[in-house]
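One structure is given below, encoded as structure tokens.
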Amino acid sequence: MRKIDVHPIIDNARFSGFHWLVMCLCALLLIFDGYDLFIYGVVLPVIMQEWGLTPLQAGALGSYALFGMMFGALIFGTLADRIGRKKGIAICFVLFSGATVLNGFASTPTEFGIFRFLAGLGCGGLMPNVVALMNEYAPKKLRSTLVAIMFSGYSLGGMFSAGLGIYMLPRFGWEAMFFAAAVPLLLLLLLLPVILWKLPESVGFLVRQGRTEQARRLLNRIDPGLALGAGDELVMTEVKGKSASVLELFRDGRGVRTLSIWIAFFCCLLMVYALGSWLPKLMANAGYSLGSSLSFLVALNLGGMFGAILGGWLGDRFNLAKVVVAFFAVSVASISLLGFKTPMPVLYTLITIAGATVIGTQILLYASAAQFYGLSIRSTGLGWASGIGRNGAIVGPLLGGALLGINLPLQLNFIAFAIPGVIAALAMTVFAVSGQRSSDAAPAALATAKA
């Protein structure tokens with residue numbers, strides 16, 4: 001009988017069709033997720049006019065889904081460490097797809113807000129679980145890159161939402177944007193069985209549950225040369241004896257880095273949803289047509305997709321936390337410049353860079369958290385980081401509404417949106433420095449123990 005350590009098998013695996021399958025299924029789910037999240041910013045100018053909403057009321061309405069995302073991340077992130085990531089992902093997908101379609105039937109702001117809250121529960125729960133699953137199966141040398149490529153589905157969904165809005169809003173009204181979400185709901189009849197059949201369960205979860213035969217089959221798919229048999233014992237020392245409690249996030253010297261990444265999530269998601277919700281409206285107020293304003297949202301998400309992939313590639317070659325700090329610094333500069341009058345090519349370039357370093361950095365933060373927390377608490381760590389970050393996402397639309405309500409100059413609106421980037425850069429600097437100290441302390445502690 002052999003004792004097999006699971007971690008080296010996954011870390012050193014060659015990229016294969018198995019990894020392609022996990023990445024593509026998770027990216028597909030995030031395309032639908034991204035569509036749902038950015039749809040509010042697309043329809044916002046129209047529903048403000050139709051329902052006579054003030055900027056502050058519109059900001060509050062936009063926050064309903066984000067309240068749902070906060071609770072969804074906290075609930076489903078922790079729950080998945082108990083019931084498995086696959087079940088958590090399937091539940092979240094059904095929830096947000098169905099609620100998004102129901103949004104098209106809303107006749108009052110209250111009904112609209114309730115359905116957005118329900119959709120937010122599913123969206124918020126999906127993200128930490130797909131990131132945790134992809135991070136668990138990705139080979140170590142490609143981990144940040146594969147998570148970033150997978151998460152580019154989120155930006156593709158946002159681009160699709162804005163692009164569809166340019167065509168559909170003038171012709172069919174805002175309701176049609178939500179009815180279009182019926183397409184993934186109908187696909188659900190095909191997708192859900194595929195997800196439940198093809199999407200692998202977490203190896204860490206299977207080992208904790210004593211389902212070692214399933215774990216062995218998965219590991220044989222990752223590395224067929226292993227030829228694991230029934231007599232081989234799987235060893236995951238990190239998994240044993242640890243609960244999925246939030247207190248675990250602060251034990252073993254993780255407290256400072258947990259707080260740092262929570263602050264970074266809060267500030268980053270504030271910027272993502274302030275821009276995602278209010279960029280079309282701000283640009284419309286600045287004199288651009290609705291179609292042009294929505295095209296800025298396409299550029300923002302296009303930048304997010306490329307920024308995530310570039311950041312993931314850099315993160316696999318350099319220190320990921322330092323890459324995140326650099327991205328935040330660039331985001332502050334690009335967002336601050338958006339309010340100044342510039343030629344259209346320059347404006348589109350600035351918006352694309354802002355998307356790359358705000359939406360892209362959000363994705364890199366998920367990768368950072370996934371790599372920081374161990375397998376047994378990864379969904380909990382991601383769920384809580386995402387859930388705390390959702391408070392920033394809630395503040396973002398409210399901040400935009402408040403700023404528009406007091407009629408600030410366009411430049412000051414964007415400078416206000418950039419300030420959280422400064423705070424996030426400082427927080428991730430602390431995260432990086434604390435991580436370096438922990439790395440330096442580990443060999444010293446080992447040497448002391450041997451002595």
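Identifiers for the structure tokens are assigned positionally: chains receive A, B, ... in sequence, residues are indexed from 1 per chain, and ligands are indexed from 1 in the order shown.
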Counting only C-alpha atoms, which residues in region 207-319 of chain A sit no more than 9 Å from region 388-403 of chain A? For each one, give the nearest pair of atoms and the distance in Å, sorted by chain then residue number, as JSON lines.
```
{"residue": "A:Trp262", "atom": "CA", "partner": "A:Ile388", "partner_atom": "CA", "distance": 6.1}
{"residue": "A:Ile263", "atom": "CA", "partner": "A:Gly389", "partner_atom": "CA", "distance": 7.5}
{"residue": "A:Ala264", "atom": "CA", "partner": "A:Gly389", "partner_atom": "CA", "distance": 7.8}
{"residue": "A:Phe265", "atom": "CA", "partner": "A:Gly389", "partner_atom": "CA", "distance": 4.5}
{"residue": "A:Phe266", "atom": "CA", "partner": "A:Gly389", "partner_atom": "CA", "distance": 3.7}
{"residue": "A:Cys267", "atom": "CA", "partner": "A:Gly392", "partner_atom": "CA", "distance": 5.9}
{"residue": "A:Cys268", "atom": "CA", "partner": "A:Gly392", "partner_atom": "CA", "distance": 7.5}
{"residue": "A:Leu269", "atom": "CA", "partner": "A:Ala393", "partner_atom": "CA", "distance": 4.9}
{"residue": "A:Leu270", "atom": "CA", "partner": "A:Gly392", "partner_atom": "CA", "distance": 4.2}
{"residue": "A:Met271", "atom": "CA", "partner": "A:Gly396", "partner_atom": "CA", "distance": 6.3}
{"residue": "A:Val272", "atom": "CA", "partner": "A:Ala393", "partner_atom": "CA", "distance": 7.3}
{"residue": "A:Tyr273", "atom": "CA", "partner": "A:Gly396", "partner_atom": "CA", "distance": 5.3}
{"residue": "A:Ala274", "atom": "CA", "partner": "A:Gly396", "partner_atom": "CA", "distance": 4.2}
{"residue": "A:Leu275", "atom": "CA", "partner": "A:Gly396", "partner_atom": "CA", "distance": 8.0}
{"residue": "A:Gly276", "atom": "CA", "partner": "A:Pro397", "partner_atom": "CA", "distance": 8.6}
{"residue": "A:Ser277", "atom": "CA", "partner": "A:Pro397", "partner_atom": "CA", "distance": 6.1}
{"residue": "A:Trp278", "atom": "CA", "partner": "A:Gly400", "partner_atom": "CA", "distance": 6.4}
```
Q. Taking the backbone alone, and naming residues the way the document does, which bits of region 189-421 of chain A are alpha helix (DSSP H) by DSSP, as a ChimeraX atom specification?
A. /A:189-198,203-208,212-222,255-285,290-317,320-337,344-372,378-405,410-421
Q: Name all residues at most 9 Å from region 365-376 of chain A (count only C-alpha atoms; drop same-chain ones fewer than 5 positions away) and give them as a PyMOL selection string.
A: chain A and resi 81+127-128+131-132+135-136+143-144+147-148+202-205+208+238-240+242-244+249+254+257-258+261+264-265+268+312+320-321+324+360+381-382+385-386
Q. Taking into account only C-alpha atoms, which residue in the set A:Ile166, A:Ile89, A:Leu142, A:Ala308 is nearest to Val130 (chain A)?
A.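 Closest to Val130 (chain A) of all the choices is A:Ile89.
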Q: Could you please determine the separation between CA of Trp174 (chain A) and CA of Leu294 (chain A) in Å, to one decimal place?
A: 13.4 Å
Q. Which of these, A:Ile351, A:Met150, A:Ala425, A:Ala326, has the shortest distance to Met23 (chain A) once you count only C-alpha atoms?
A. A:Met150
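Here the question is which of A:Val94, A:Ala58, A:Val246, A:Met159 gets nearest to Gly383 (chain A) using only C-alpha atoms, and that residue is A:Val246.
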(Q) Give me the residues near Gly34 (chain A) as an NGL selection string, where near means some atom within 7 Å (using only C-alpha atoms) and where sequence neighbours in that chain fewer than 3 positions away do not count. (A) :A and (30-31 or 37-38 or 154-155 or 157-158)
**Q.** Within 8 Å of Phe105 (chain A) using only C-alpha atoms, minus same-chain residues under 3 positions, as a PyMOL selection string
**A.** chain A and resi 101-102+175
Q: Could you check which of A:Lys322, A:His19, A:Lys141, A:Lys198 is closest to Thr361 (chain A), using only C-alpha atoms?
A: A:Lys322
